[in-house]
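Engineer: Dropping in target-v8.txt, which is compact mmCIF, C-alpha atoms and all ligand atoms:
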# COMPACT_ATOMS: atom_id res chain seq x y z
CA MET Q 1 0.00 0.00 0.00
CA LYS Q 2 1.26 3.48 -0.86
CA ILE Q 3 0.20 7.00 0.04
CA LYS Q 4 -1.38 8.53 -3.06
CA GLU Q 5 -2.76 11.83 -1.82
CA VAL Q 6 -2.61 14.08 1.25
CA ARG Q 7 -5.55 16.47 1.59
CA VAL Q 8 -5.76 19.27 4.13
CA VAL Q 9 -9.28 20.41 5.03
CA VAL Q 10 -9.87 23.59 7.03
CA THR Q 11 -13.43 24.05 8.22
CA CYS Q 12 -15.36 26.14 10.76
CA PRO Q 13 -18.46 24.33 12.03
CA THR Q 14 -18.83 26.90 14.90
CA ARG Q 15 -15.01 27.06 15.36
CA ASN Q 16 -12.00 26.20 13.17
CA TYR Q 17 -10.64 22.70 12.67
CA VAL Q 18 -7.77 21.46 10.47
CA LEU Q 19 -8.01 17.86 9.24
CA VAL Q 20 -5.46 15.77 7.35
CA LYS Q 21 -6.87 13.12 5.02
CA ILE Q 22 -4.33 10.59 3.75
CA VAL Q 23 -5.54 8.52 0.78
CA THR Q 24 -3.82 5.29 -0.35
CA ASP Q 25 -3.55 3.68 -3.76
CA GLU Q 26 -5.82 0.89 -2.45
CA GLY Q 27 -8.64 3.31 -1.74
CA LEU Q 28 -8.30 3.15 2.06
CA TYR Q 29 -7.96 6.52 3.76
CA GLY Q 30 -7.38 7.87 7.24
CA VAL Q 31 -8.18 11.21 8.85
CA GLY Q 32 -6.26 12.95 11.64
CA ASP Q 33 -6.64 16.18 13.60
CA ALA Q 34 -4.15 19.04 13.07
CA THR Q 35 -5.99 21.90 14.73
CA LEU Q 36 -3.99 24.58 16.56
CA ASN Q 37 -6.42 27.18 17.89
CA GLY Q 38 -5.57 30.67 16.59
CA ARG Q 39 -2.77 29.46 14.26
CA GLU Q 40 -4.76 27.06 12.07
CA LEU Q 41 -3.47 28.23 8.69
CA ALA Q 42 0.17 28.00 9.77
CA VAL Q 43 -0.34 24.26 10.35
CA ALA Q 44 -2.33 23.88 7.13
CA ALA Q 45 0.53 25.53 5.18
CA ALA Q 46 3.18 23.36 6.90
CA LEU Q 47 1.19 20.30 5.86
CA LYS Q 48 0.41 21.38 2.30
CA GLU Q 49 3.69 23.03 1.39
CA HIS Q 50 6.28 21.05 3.32
CA ILE Q 51 4.98 17.73 4.63
CA ALA Q 52 2.57 16.37 1.98
CA PRO Q 53 5.29 16.09 -0.72
CA LEU Q 54 7.40 13.98 1.69
CA LEU Q 55 4.60 11.46 2.20
CA LEU Q 56 3.62 10.63 -1.35
CA GLY Q 57 4.61 7.10 -2.39
CA ARG Q 58 5.46 5.97 1.17
CA ASP Q 59 4.06 2.88 2.88
CA PRO Q 60 1.42 4.23 5.33
CA GLY Q 61 2.02 1.20 7.55
CA CYS Q 62 5.49 2.42 8.59
CA ILE Q 63 4.12 4.86 11.16
CA GLU Q 64 7.16 5.00 13.45
CA ASP Q 65 9.52 5.51 10.52
CA ILE Q 66 7.38 8.29 9.03
CA TRP Q 67 7.16 9.90 12.48
CA GLN Q 68 10.94 9.88 12.91
CA TYR Q 69 11.44 11.04 9.31
CA LEU Q 70 9.16 14.05 9.78
CA PHE Q 71 10.50 14.89 13.26
CA ARG Q 72 14.23 14.22 13.14
CA GLY Q 73 14.58 14.22 9.39
CA SER Q 74 13.58 17.88 9.10
CA TYR Q 75 16.45 19.11 11.35
CA TRP Q 76 14.23 22.02 12.57
CA ARG Q 77 12.15 19.96 14.93
CA GLY Q 78 9.38 20.47 17.44
CA GLY Q 79 7.21 23.43 18.39
CA PRO Q 80 3.43 23.75 18.29
CA VAL Q 81 3.00 24.16 14.51
CA GLN Q 82 5.14 21.20 13.45
CA MET Q 83 4.02 18.88 16.25
CA THR Q 84 0.37 19.60 15.43
CA ALA Q 85 0.99 18.88 11.74
CA LEU Q 86 2.80 15.67 12.71
CA ALA Q 87 -0.11 14.71 14.97
CA GLY Q 88 -2.53 15.03 12.06
CA VAL Q 89 -0.38 12.73 9.92
CA ASP Q 90 0.16 10.25 12.78
CA MET Q 91 -3.56 9.92 13.60
CA ALA Q 92 -4.44 9.49 9.92
CA LEU Q 93 -1.83 6.72 9.58
CA TRP Q 94 -3.13 4.87 12.67
CA ASP Q 95 -6.64 5.23 11.25
CA ILE Q 96 -5.46 3.59 8.00
CA LYS Q 97 -3.66 0.83 9.91
CA GLY Q 98 -6.81 0.03 11.85
CA LYS Q 99 -8.93 -0.02 8.72
CA ALA Q 100 -6.39 -2.24 6.93
CA ALA Q 101 -6.37 -4.66 9.89
CA GLY Q 102 -10.14 -4.48 10.38
CA MET Q 103 -9.54 -3.54 14.03
CA PRO Q 104 -10.43 -0.57 16.22
CA LEU Q 105 -7.40 1.42 17.29
CA TYR Q 106 -7.65 0.30 20.94
CA SER Q 107 -7.23 -3.25 19.75
CA LEU Q 108 -4.05 -2.41 17.81
CA LEU Q 109 -2.72 -0.67 20.93
CA GLY Q 110 -2.95 -3.86 22.99
CA GLY Q 111 -6.67 -4.27 23.63
CA LYS Q 112 -9.01 -2.98 26.30
CA THR Q 113 -7.87 -2.53 29.88
CA ARG Q 114 -11.25 -1.01 30.85
CA ALA Q 115 -14.76 -0.71 29.44
CA GLY Q 116 -14.91 3.07 29.14
CA ALA Q 117 -12.93 6.19 30.01
CA LEU Q 118 -13.93 8.05 33.20
CA CYS Q 119 -14.44 11.62 32.02
CA TYR Q 120 -14.90 15.15 33.31
CA THR Q 121 -16.71 18.20 32.11
CA HIS Q 122 -16.57 21.91 32.91
CA CYS Q 123 -18.66 23.87 35.41
CA GLY Q 124 -18.42 27.65 35.53
CA GLY Q 125 -20.38 30.56 36.91
CA ARG Q 126 -20.41 34.22 37.81
CA ASP Q 127 -20.58 33.40 41.51
CA PHE Q 128 -20.31 30.38 43.82
CA LYS Q 129 -24.03 29.61 43.65
CA GLU Q 130 -23.97 29.53 39.86
CA VAL Q 131 -21.00 27.14 39.92
CA GLU Q 132 -22.80 24.98 42.48
CA ASP Q 133 -25.92 24.87 40.28
CA SER Q 134 -23.80 23.95 37.29
CA VAL Q 135 -22.12 21.13 39.27
CA ARG Q 136 -25.53 19.83 40.42
CA ALA Q 137 -26.79 19.81 36.81
CA LYS Q 138 -23.74 17.85 35.63
CA LEU Q 139 -24.01 15.39 38.53
CA ALA Q 140 -27.58 14.74 37.41
CA GLU Q 141 -26.17 13.86 33.97
CA GLY Q 142 -23.99 11.22 35.60
CA PHE Q 143 -20.63 13.00 35.73
CA LYS Q 144 -18.38 11.88 38.57
CA VAL Q 145 -15.50 14.33 38.08
CA LEU Q 146 -16.10 18.06 37.60
CA ARG Q 147 -13.88 21.05 36.86
CA ALA Q 148 -14.97 24.22 38.66
CA GLN Q 149 -14.09 27.76 37.55
CA VAL Q 150 -15.61 31.01 38.86
CA ALA Q 151 -15.51 34.67 37.80
CA ILE Q 152 -12.98 36.60 39.88
CA PRO Q 153 -14.43 39.77 41.44
CA GLY Q 154 -12.93 42.97 40.07
CA THR Q 155 -11.44 41.34 36.95
CA LYS Q 156 -12.64 41.44 33.33
CA GLY Q 157 -13.37 38.07 31.77
CA THR Q 158 -12.31 34.89 33.55
CA TYR Q 159 -10.92 31.75 31.93
CA GLY Q 160 -13.45 28.92 31.92
CA VAL Q 161 -16.44 31.13 32.68
CA GLY Q 162 -17.08 33.06 29.44
CA SER Q 163 -16.07 31.84 26.00
CA GLY Q 164 -13.88 34.19 23.97
CA LYS Q 165 -14.98 35.97 20.80
CA MET Q 166 -17.98 33.84 20.01
CA LYS Q 167 -21.46 35.12 19.24
CA LYS Q 168 -24.74 33.35 19.92
CA ASN Q 169 -26.73 31.93 17.05
CA LYS Q 170 -30.34 32.91 17.70
CA ASN Q 171 -31.79 29.69 16.29
CA ALA Q 172 -29.54 27.06 17.79
CA GLY Q 173 -28.45 28.86 20.97
CA MET Q 174 -24.94 27.72 19.93
CA LYS Q 175 -21.93 30.01 19.94
CA PHE Q 176 -20.10 30.65 16.66
CA LEU Q 177 -16.73 32.23 15.98
CA GLU Q 178 -17.11 35.85 14.89
CA GLN Q 179 -15.68 36.72 11.48
CA ASP Q 180 -12.26 38.39 11.77
CA ALA Q 181 -12.58 39.02 15.49
CA LEU Q 182 -9.39 40.21 17.16
CA PRO Q 183 -8.32 38.68 20.49
CA GLN Q 184 -10.57 39.55 23.39
CA GLU Q 185 -8.55 41.16 26.19
CA GLU Q 186 -9.11 40.02 29.74
CA VAL Q 187 -7.79 41.58 32.94
CA TRP Q 188 -6.51 39.35 35.72
CA GLU Q 189 -4.78 39.89 39.07
CA PRO Q 190 -3.28 37.15 41.27
CA GLY Q 191 -4.47 38.69 44.58
CA PRO Q 192 -8.24 38.39 44.08
CA TYR Q 193 -7.75 35.08 42.24
CA LEU Q 194 -5.79 33.50 45.10
CA ARG Q 195 -8.37 34.69 47.65
CA THR Q 196 -11.39 33.53 45.62
CA ILE Q 197 -10.50 29.97 44.57
CA PRO Q 198 -10.13 28.41 48.07
CA GLN Q 199 -13.45 30.07 49.01
CA LEU Q 200 -15.09 28.54 45.93
CA PHE Q 201 -14.06 25.03 46.99
CA GLU Q 202 -15.00 25.67 50.61
CA HIS Q 203 -18.46 26.60 49.30
CA LEU Q 204 -18.72 23.58 46.97
CA ARG Q 205 -17.63 21.06 49.62
CA GLY Q 206 -20.01 22.65 52.15
CA ALA Q 207 -22.93 22.48 49.72
CA LEU Q 208 -22.19 19.19 47.96
CA GLY Q 209 -20.15 17.07 50.36
CA GLU Q 210 -17.07 14.91 49.87
CA GLU Q 211 -18.36 12.21 47.51
CA LEU Q 212 -17.84 13.95 44.18
CA GLU Q 213 -14.45 14.59 42.57
CA LEU Q 214 -13.73 18.28 42.03
CA PHE Q 215 -10.79 20.14 40.56
CA HIS Q 216 -9.63 23.47 39.14
CA ASP Q 217 -7.66 24.71 36.10
CA VAL Q 218 -5.12 27.48 36.85
CA HIS Q 219 -4.29 27.80 33.12
CA GLU Q 220 -0.55 28.36 33.75
CA ARG Q 221 -1.03 31.79 35.38
CA LEU Q 222 0.76 31.62 38.72
CA THR Q 223 4.33 32.03 39.92
CA PRO Q 224 5.79 29.02 41.79
CA ILE Q 225 5.23 30.49 45.24
CA GLN Q 226 1.68 31.59 44.39
CA ALA Q 227 0.91 28.10 43.06
CA ALA Q 228 2.39 26.59 46.22
CA ARG Q 229 0.12 28.80 48.35
CA LEU Q 230 -2.95 27.85 46.33
CA ALA Q 231 -2.17 24.11 46.41
CA LYS Q 232 -1.66 24.33 50.19
CA GLU Q 233 -4.84 26.32 50.84
CA LEU Q 234 -6.86 23.89 48.69
CA GLU Q 235 -5.66 20.85 50.66
CA PRO Q 236 -8.73 20.66 52.97
CA TYR Q 237 -11.04 20.36 49.92
CA HIS Q 238 -9.31 17.25 48.51
CA LEU Q 239 -9.10 18.17 44.84
CA PHE Q 240 -8.83 15.44 42.21
CA PHE Q 241 -6.00 17.60 40.89
CA LEU Q 242 -4.86 21.18 40.42
CA GLU Q 243 -4.46 21.66 36.67
CA ASP Q 244 -1.59 23.44 34.92
CA PRO Q 245 -0.53 25.71 37.82
CA LEU Q 246 2.68 27.00 36.17
CA ARG Q 247 3.91 28.09 32.77
CA PRO Q 248 5.40 25.24 30.73
CA GLU Q 249 8.90 26.64 30.30
CA HIS Q 250 10.58 26.08 33.66
CA LYS Q 251 9.64 22.64 34.89
CA GLU Q 252 11.94 22.69 37.94
CA SER Q 253 9.55 25.23 39.51
CA PHE Q 254 7.16 22.37 40.18
CA ARG Q 255 9.45 21.32 43.03
CA VAL Q 256 8.31 24.40 44.96
CA VAL Q 257 4.64 23.49 44.56
CA ARG Q 258 5.22 19.81 45.27
CA ARG Q 259 7.09 20.45 48.51
CA ALA Q 260 4.32 22.73 49.79
CA SER Q 261 1.30 20.46 49.62
CA THR Q 262 -0.38 17.10 49.02
CA THR Q 263 -2.86 18.51 46.48
CA PRO Q 264 -2.39 16.29 43.40
CA LEU Q 265 -0.92 18.17 40.43
CA ALA Q 266 -1.62 17.86 36.70
CA MET Q 267 0.28 19.47 33.85
CA GLY Q 268 0.88 19.25 30.14
CA GLU Q 269 -1.54 20.79 27.62
CA LEU Q 270 1.17 23.20 26.43
CA PHE Q 271 3.84 20.50 26.06
CA HIS Q 272 4.98 19.29 22.65
CA SER Q 273 6.98 16.15 23.30
CA LYS Q 274 8.05 13.44 25.72
CA TRP Q 275 11.11 15.55 26.54
CA ASP Q 276 8.88 18.37 27.84
CA CYS Q 277 7.23 15.84 30.17
CA LEU Q 278 10.40 14.08 31.34
CA PRO Q 279 11.51 16.05 34.40
CA LEU Q 280 7.99 16.14 35.82
CA LEU Q 281 7.65 12.38 35.36
CA THR Q 282 11.05 11.17 36.48
CA GLU Q 283 11.06 13.42 39.58
CA GLN Q 284 7.42 12.52 40.31
CA LEU Q 285 6.55 16.20 40.51
CA ILE Q 286 3.03 15.66 39.14
CA ASP Q 287 0.31 13.03 39.47
CA PHE Q 288 -1.39 13.39 36.08
CA ILE Q 289 0.21 14.07 32.70
CA ARG Q 290 -2.27 15.83 30.45
CA CYS Q 291 -0.72 16.43 27.03
CA ASP Q 292 -2.79 17.22 23.97
CA LEU Q 293 -2.47 14.38 21.45
CA SER Q 294 -2.97 16.92 18.64
CA HIS Q 295 0.03 18.96 19.79
CA ILE Q 296 2.58 16.25 20.67
CA GLY Q 297 2.74 14.41 17.36
CA GLY Q 298 -0.25 12.14 17.95
CA ILE Q 299 -0.87 8.63 19.20
CA THR Q 300 2.71 7.41 18.71
CA GLU Q 301 4.11 9.98 21.15
CA ALA Q 302 1.19 9.63 23.58
CA LYS Q 303 1.85 5.88 23.95
CA LYS Q 304 5.48 6.59 24.81
CA ILE Q 305 4.63 9.33 27.30
CA ALA Q 306 2.06 7.06 28.95
CA ALA Q 307 4.64 4.28 29.25
CA ILE Q 308 7.22 6.57 30.86
CA ALA Q 309 4.54 7.90 33.24
CA GLU Q 310 3.49 4.36 34.17
CA ALA Q 311 6.97 3.66 35.48
CA PHE Q 312 6.65 6.61 37.87
CA HIS Q 313 3.09 5.98 39.19
CA ILE Q 314 1.69 8.85 37.12
CA GLN Q 315 -1.67 8.64 35.37
CA THR Q 316 -2.86 10.23 32.15
CA ALA Q 317 -5.49 12.95 31.76
CA TRP Q 318 -5.20 13.89 28.08
CA HIS Q 319 -6.39 17.35 27.06
CA GLY Q 320 -9.86 17.18 25.50
CA PRO Q 321 -11.17 20.69 24.78
CA GLY Q 322 -13.66 21.80 22.11
CA ASP Q 323 -10.92 23.23 19.92
CA ILE Q 324 -9.55 19.86 18.84
CA SER Q 325 -11.65 17.68 16.58
CA PRO Q 326 -13.66 14.51 17.29
CA HIS Q 327 -10.78 12.59 15.66
CA ALA Q 328 -8.45 13.73 18.45
CA HIS Q 329 -11.10 12.98 21.09
CA ALA Q 330 -11.48 9.48 19.65
CA ALA Q 331 -7.68 9.03 19.67
CA ASN Q 332 -7.69 10.09 23.35
CA VAL Q 333 -10.26 7.49 24.30
CA HIS Q 334 -8.65 4.66 22.27
CA VAL Q 335 -5.44 5.29 24.22
CA ASP Q 336 -7.34 5.71 27.53
CA VAL Q 337 -9.03 2.34 27.27
CA SER Q 338 -5.91 0.45 26.24
CA ILE Q 339 -3.23 1.67 28.69
CA PRO Q 340 -2.84 0.55 32.31
CA ASN Q 341 -2.26 4.00 33.86
CA PHE Q 342 -5.22 5.99 32.56
CA GLY Q 343 -6.57 8.54 35.05
CA VAL Q 344 -9.36 10.66 33.62
CA GLN Q 345 -10.43 12.13 30.27
CA GLU Q 346 -11.55 15.73 29.62
CA MET Q 347 -14.59 15.87 27.34
CA VAL Q 348 -16.86 18.36 25.62
CA ALA Q 349 -20.29 18.02 24.05
CA PHE Q 350 -19.79 19.04 20.41
CA PRO Q 351 -22.49 21.05 18.62
CA GLU Q 352 -24.52 19.43 15.83
CA GLU Q 353 -22.47 21.17 13.11
CA VAL Q 354 -19.30 19.39 14.31
CA HIS Q 355 -21.00 15.98 14.26
CA GLU Q 356 -22.29 16.71 10.75
CA VAL Q 357 -18.77 17.42 9.42
CA MET Q 358 -16.89 14.89 11.59
CA PRO Q 359 -19.12 11.96 12.57
CA GLY Q 360 -18.05 9.30 15.06
CA ALA Q 361 -17.00 11.23 18.19
CA PRO Q 362 -16.75 9.19 21.42
CA VAL Q 363 -20.12 8.63 23.05
CA TYR Q 364 -20.85 9.77 26.62
CA LYS Q 365 -22.80 7.59 29.01
CA ASP Q 366 -23.17 7.93 32.77
CA GLY Q 367 -19.77 9.48 33.50
CA TYR Q 368 -17.77 7.51 30.93
CA LEU Q 369 -16.74 7.86 27.28
CA PHE Q 370 -16.90 5.02 24.79
CA VAL Q 371 -15.39 4.57 21.34
CA SER Q 372 -16.95 2.42 18.66
CA ASP Q 373 -15.64 -0.96 17.48
CA ARG Q 374 -15.34 0.33 13.92
CA PRO Q 375 -11.89 -0.22 12.40
CA GLY Q 376 -9.41 2.61 12.98
CA LEU Q 377 -10.39 5.71 14.94
CA GLY Q 378 -14.08 5.23 14.17
CA THR Q 379 -14.41 8.86 13.05
CA ASP Q 380 -14.82 10.27 9.54
CA LEU Q 381 -14.80 13.53 7.58
CA ASN Q 382 -17.70 14.70 5.42
CA GLU Q 383 -15.83 16.95 2.98
CA LYS Q 384 -19.01 18.21 1.35
CA ALA Q 385 -20.41 19.32 4.71
CA ALA Q 386 -17.01 20.85 5.64
CA LYS Q 387 -17.29 23.20 2.64
CA LYS Q 388 -20.49 24.68 4.06
CA TYR Q 389 -18.46 26.11 6.96
CA PRO Q 390 -15.50 28.11 5.58
CA TYR Q 391 -12.56 29.12 7.78
CA LYS Q 392 -12.93 32.29 9.86
CA ARG Q 393 -9.88 33.93 11.36
CA GLY Q 394 -10.12 33.80 15.12
CA TYR Q 395 -7.87 34.06 18.19
CA LEU Q 396 -7.76 32.89 21.75
CA PRO Q 397 -8.20 35.72 24.27
CA THR Q 398 -5.15 37.46 25.78
CA THR Q 399 -4.73 38.67 29.34
CA ARG Q 400 -3.27 41.82 30.86
CA ARG Q 401 -2.60 42.76 34.47
CA ALA Q 402 -4.36 45.79 35.97
CA ASP Q 403 -1.35 47.98 35.02
CA GLY Q 404 -1.71 47.00 31.36
CA SER Q 405 1.19 44.54 31.11
CA VAL Q 406 0.75 41.27 29.25
CA HIS Q 407 0.12 38.17 31.35
CA ASP Q 408 -0.47 34.50 30.45
CA TRP Q 409 -4.03 33.73 29.39
C1 LIG Q 501 -8.01 24.16 28.41
C2 LIG Q 501 -8.40 24.63 27.08
O1 LIG Q 501 -9.46 22.36 28.27
C3 LIG Q 501 -8.62 22.92 28.94
O2 LIG Q 501 -8.23 22.53 30.00
O3 LIG Q 501 -7.10 24.75 29.21
O4 LIG Q 501 -9.66 25.19 27.15
C4 LIG Q 501 -7.44 25.59 26.39
O5 LIG Q 501 -7.57 26.87 26.93
C5 LIG Q 501 -7.70 25.62 24.94
O6 LIG Q 501 -7.62 24.35 24.39
C6 LIG Q 501 -6.75 26.56 24.21
O7 LIG Q 501 -6.79 26.39 22.85
MG MG Q 502 -6.59 23.48 30.86
Hey, can you dump this file as structure tokens for me?

Structural biologist:
Amino acid sequence: MKIKEVRVVVTCPTRNYVLVKIVTDEGLYGVGDATLNGRELAVAAALKEHIAPLLLGRDPGCIEDIWQYLFRGSYWRGGPVQMTALAGVDMALWDIKGKAAGMPLYSLLGGKTRAGALCYTHCGGRDFKEVEDSVRAKLAEGFKVLRAQVAIPGTKGTYGVGSGKMKKNKNAGMKFLEQDALPQEEVWEPGPYLRTIPQLFEHLRGALGEELELFHDVHERLTPIQAARLAKELEPYHLFFLEDPLRPEHKESFRVVRRASTTPLAMGELFHSKWDCLPLLTEQLIDFIRCDLSHIGGITEAKKIAAIAEAFHIQTAWHGPGDISPHAHAANVHVDVSIPNFGVQEMVAFPEEVHEVMPGAPVYKDGYLFVSDRPGLGTDLNEKAAKKYPYKRGYLPTTRRADGSVHDW
């Protein structure tokens, strides 16, 4: 079997997605996710201009060799754009391998270690009561693990509470990316944030008890000593984990947070390779590794990261936001259900437009996600439907401190 064609599809069914479709001379094809929110066309160009010509005529079954060829063979390696492009290719190749073998991906990866993947969803609100109501509603839907975010008094826009430059569609109630919107600017200060979050969890535990699993996403905003204070002050509320407390660049800073508390730590959505994860894994500075399969070069790299983590008693919690496609979500769950050290899986409910363009997303039932037994990833791409939703330039929000200086969003 040989690769005959590499197609790159950019589509915006409510938000932008970049898909790689690899077609073989035997008619089999695979589709992978190469979406990088806010930099979609950079990845599409890398794929079309630089990577596609390197794939034509190759055996799609040699996934590891193609991975190494695209990563090491290019000399200029790594980074979000290239690792997202590589992820798209990698997922498409695994999809082809599964279809050729007549097996679902989880089966190729060693077979099921569990029936479904325990998953979590997001709960946000303008105040503690709204967050509590949102948690109660999700508990009623069967969720067992919940992420809680609350608006911070005196700040403008809070991560996880609003939703960027999206406008509501009157008919569907769904939010769509605005055409040519520039980044929304939010204002954030550590003082009010650090005072509010422990109070939020005090409220939630008081109202809802100890049974449910709760956690919080810091979104890489704190300094090491601030993160250490937060982790310590959250100890009485027994979080499932504290997500992404620090920026991804200086991993040694995690030692400060680790020494200060027993709150479990999770990190990784901004990582791009196993090497980014290494010090946190080998020093056991975190409890959950939560890379984004679409930004680390796909399933091949995820399997390796999971295996390294297993040796250090660390579980996986792969990133699963709405800005990566159902193909990536399916890849997440195939890995989740086939590795021994799976922890939890982030999930989103996609709008109808996304299902129309990319059918086959994992199915949610009573707190767990399930993938189908169809060969490969079990997802597909409806190219005709994709054309109905042309690309719209869009950005993630940015954040400034009260004095106007740029801060991490
Ligand atoms: C996130 C994402 O899901 C998460 O935990 O932190 O929402 C993240 O902000 C986006 O994927 C950025 O593109
Ligand atoms: Mg996050």

Engineer: Using all atoms listed in the file, tabulate the residues of chain Q lying at most 10 Å from any atom of ligand LIG 501 (chain Q), each with its closest atom pair and that distance in Å to one decimal, by chain and increasing residue number, as a Markdown table.

Structural biologist:
| residue | atom | partner | partner_atom | distance |
| --- | --- | --- | --- | --- |
| Q:Thr35 | CA | Q:LIG501 | O7 | 9.3 |
| Q:Leu36 | CA | Q:LIG501 | O7 | 7.1 |
| Q:Asn37 | CA | Q:LIG501 | O7 | 5.0 |
| Q:Gly38 | CA | Q:LIG501 | O7 | 7.7 |
| Q:Arg39 | CA | Q:LIG501 | O7 | 10.0 |
| Q:Thr121 | CA | Q:LIG501 | O1 | 9.2 |
| Q:His122 | CA | Q:LIG501 | O1 | 8.5 |
| Q:Arg147 | CA | Q:LIG501 | O2 | 9.0 |
| Q:Tyr159 | CA | Q:LIG501 | O5 | 7.7 |
| Q:Gly160 | CA | Q:LIG501 | O4 | 7.1 |
| Q:Ser163 | CA | Q:LIG501 | O4 | 9.3 |
| Q:His216 | CA | Q:LIG501 | O2 | 9.3 |
| Q:Asp217 | CA | Q:LIG501 | O2 | 6.5 |
| Q:Val218 | CA | Q:LIG501 | O3 | 8.4 |
| Q:His219 | CA | Q:LIG501 | O3 | 5.7 |
| Q:Glu220 | CA | Q:LIG501 | O3 | 8.7 |
| Q:Glu243 | CA | Q:LIG501 | O2 | 7.7 |
| Q:Asp244 | CA | Q:LIG501 | O3 | 8.0 |
| Q:Met267 | CA | Q:LIG501 | O2 | 9.8 |
| Q:Gly268 | CA | Q:LIG501 | O2 | 9.7 |
| Q:Glu269 | CA | Q:LIG501 | O3 | 7.0 |
| Q:Leu270 | CA | Q:LIG501 | O3 | 8.9 |
| Q:Arg290 | CA | Q:LIG501 | O2 | 9.0 |
| Q:Asp292 | CA | Q:LIG501 | O6 | 8.6 |
| Q:Trp318 | CA | Q:LIG501 | O2 | 9.4 |
| Q:His319 | CA | Q:LIG501 | O1 | 6.0 |
| Q:Gly320 | CA | Q:LIG501 | O1 | 5.9 |
| Q:Pro321 | CA | Q:LIG501 | O1 | 4.2 |
| Q:Gly322 | CA | Q:LIG501 | O6 | 6.9 |
| Q:Asp323 | CA | Q:LIG501 | O6 | 5.7 |
| Q:Ile324 | CA | Q:LIG501 | O6 | 7.4 |
| Q:Glu346 | CA | Q:LIG501 | O1 | 7.1 |
| Q:Met347 | CA | Q:LIG501 | O1 | 8.3 |
| Q:Val348 | CA | Q:LIG501 | O1 | 8.8 |
| Q:Tyr395 | CA | Q:LIG501 | O7 | 9.0 |
| Q:Leu396 | CA | Q:LIG501 | O7 | 6.7 |
| Q:Pro397 | CA | Q:LIG501 | O5 | 9.3 |
| Q:Trp409 | CA | Q:LIG501 | O5 | 8.1 |

Engineer: Please determine, counting all atoms listed in the file, which residue among Q:Val10, Q:Ala402, Q:Arg136, Q:Leu105 has the shortest atom-to-atom distance to Gly154 of chain Q.

Structural biologist: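 Ranked by minimum distance to Gly154 of chain Q, first place goes to Q:Ala402.
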
Engineer: Between atom CA of Gln149 of chain Q and atom CA of Gly124 of chain Q, what is the distance, to one decimal in Å?

Structural biologist: 4.8 Å

Engineer: Would you mind telling me which residue in Q:Arg259, Q:Arg247, Q:His327, Q:Lys97 lies nearest to ligand MG 502 (chain Q) when using all atoms listed in the file?

Structural biologist: Q:Arg247

Engineer: Please identify all polymer residues within 8 Å of segment 60-66 of chain Q, counting all atoms listed in the file, omitting same-chain residues fewer than 5 positions from it, and present them as an NGL selection string.

Structural biologist: :Q and (1-3 or 24 or 90 or 93-94 or 96-97 or 300)

Engineer: Using all atoms listed in the file, which residue out of Q:Ala101, Q:Met91, Q:Leu70, Q:Ala34 lies closest to Ala302 of chain Q?

Structural biologist: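 Ranked by minimum distance to Ala302 of chain Q, first place goes to Q:Met91.
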
Engineer: Do you know which residues are at most 12 Å from Ala331 of chain Q counting only C-alpha atoms, after dropping those on the same chain fewer than 2 positions away, and could you put them as JSON, numbers by chain?

Structural biologist: {"Q": [31, 32, 33, 87, 88, 90, 91, 92, 93, 94, 95, 98, 104, 105, 106, 109, 117, 292, 293, 294, 297, 298, 299, 300, 301, 302, 303, 318, 319, 320, 324, 325, 326, 327, 328, 329, 333, 334, 335, 336, 337, 338, 345, 360, 361, 362, 369, 370, 371, 372, 376, 377, 378, 379]}

Engineer: If I take atom CA of Pro192 of chain Q and atom CA of Thr155 of chain Q, how far is one from the other in Å, to one decimal?

Structural biologist: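 Separating atom CA of Pro192 of chain Q from atom CA of Thr155 of chain Q is a distance of 8.4 Å.
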
Engineer: Which one is closest to Phe201 of chain Q: Q:Pro236, Q:Pro183, Q:Pro248, Q:Pro224? Count only C-alpha atoms.

Structural biologist: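 The answer is Q:Pro236, which sits nearest to Phe201 of chain Q.
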
Engineer: Compare Q:Lys144, Q:Lys251, Q:Arg393, Q:Arg126 by their minimum atom-to-atom distance to Thr196 of chain Q, counting all atoms listed in the file, and give me the closest one.

Structural biologist: Q:Arg126

Engineer: Q:Leu246, Q:Leu200, Q:Ala115, Q:Ala46: which is nearest ligand MG 502 (chain Q), counting all atoms listed in the file?

Structural biologist: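 Of Q:Leu246, Q:Leu200, Q:Ala115, Q:Ala46, the one nearest ligand MG 502 (chain Q) is Q:Leu246, counting all atoms listed in the file.
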
Engineer: Which distance in Å separates atom CA of Ile286 of chain Q and atom CA of Leu265 of chain Q, to one decimal?

Structural biologist: 4.9 Å

Engineer: Determine, counting only C-alpha atoms, which protein, DNA and RNA residues have an atom within 7 Å of an atom of Leu222 of chain Q; residues of the same chain fewer than 4 positions away are not included. Present the result as a PyMOL selection string.

Structural biologist: chain Q and resi 226-227+245-246

Engineer: Hey, can you pull every residue with an atom no more than 6 Å from (-0.5, 8.3, 37.2), using only C-alpha atoms, and send it as an NGL selection string?

Structural biologist: :Q and (287-288 or 313-316 or 341)

Engineer: Using only C-alpha atoms, please write the residues we just selected to a file, as a compact mmCIF listing (two decimals), in the coordinates of the input.

Structural biologist:
# COMPACT_ATOMS: atom_id res chain seq x y z
CA ASP Q 287 0.31 13.03 39.47
CA PHE Q 288 -1.39 13.39 36.08
CA HIS Q 313 3.09 5.98 39.19
CA ILE Q 314 1.69 8.85 37.12
CA GLN Q 315 -1.67 8.64 35.37
CA THR Q 316 -2.86 10.23 32.15
CA ASN Q 341 -2.26 4.00 33.86
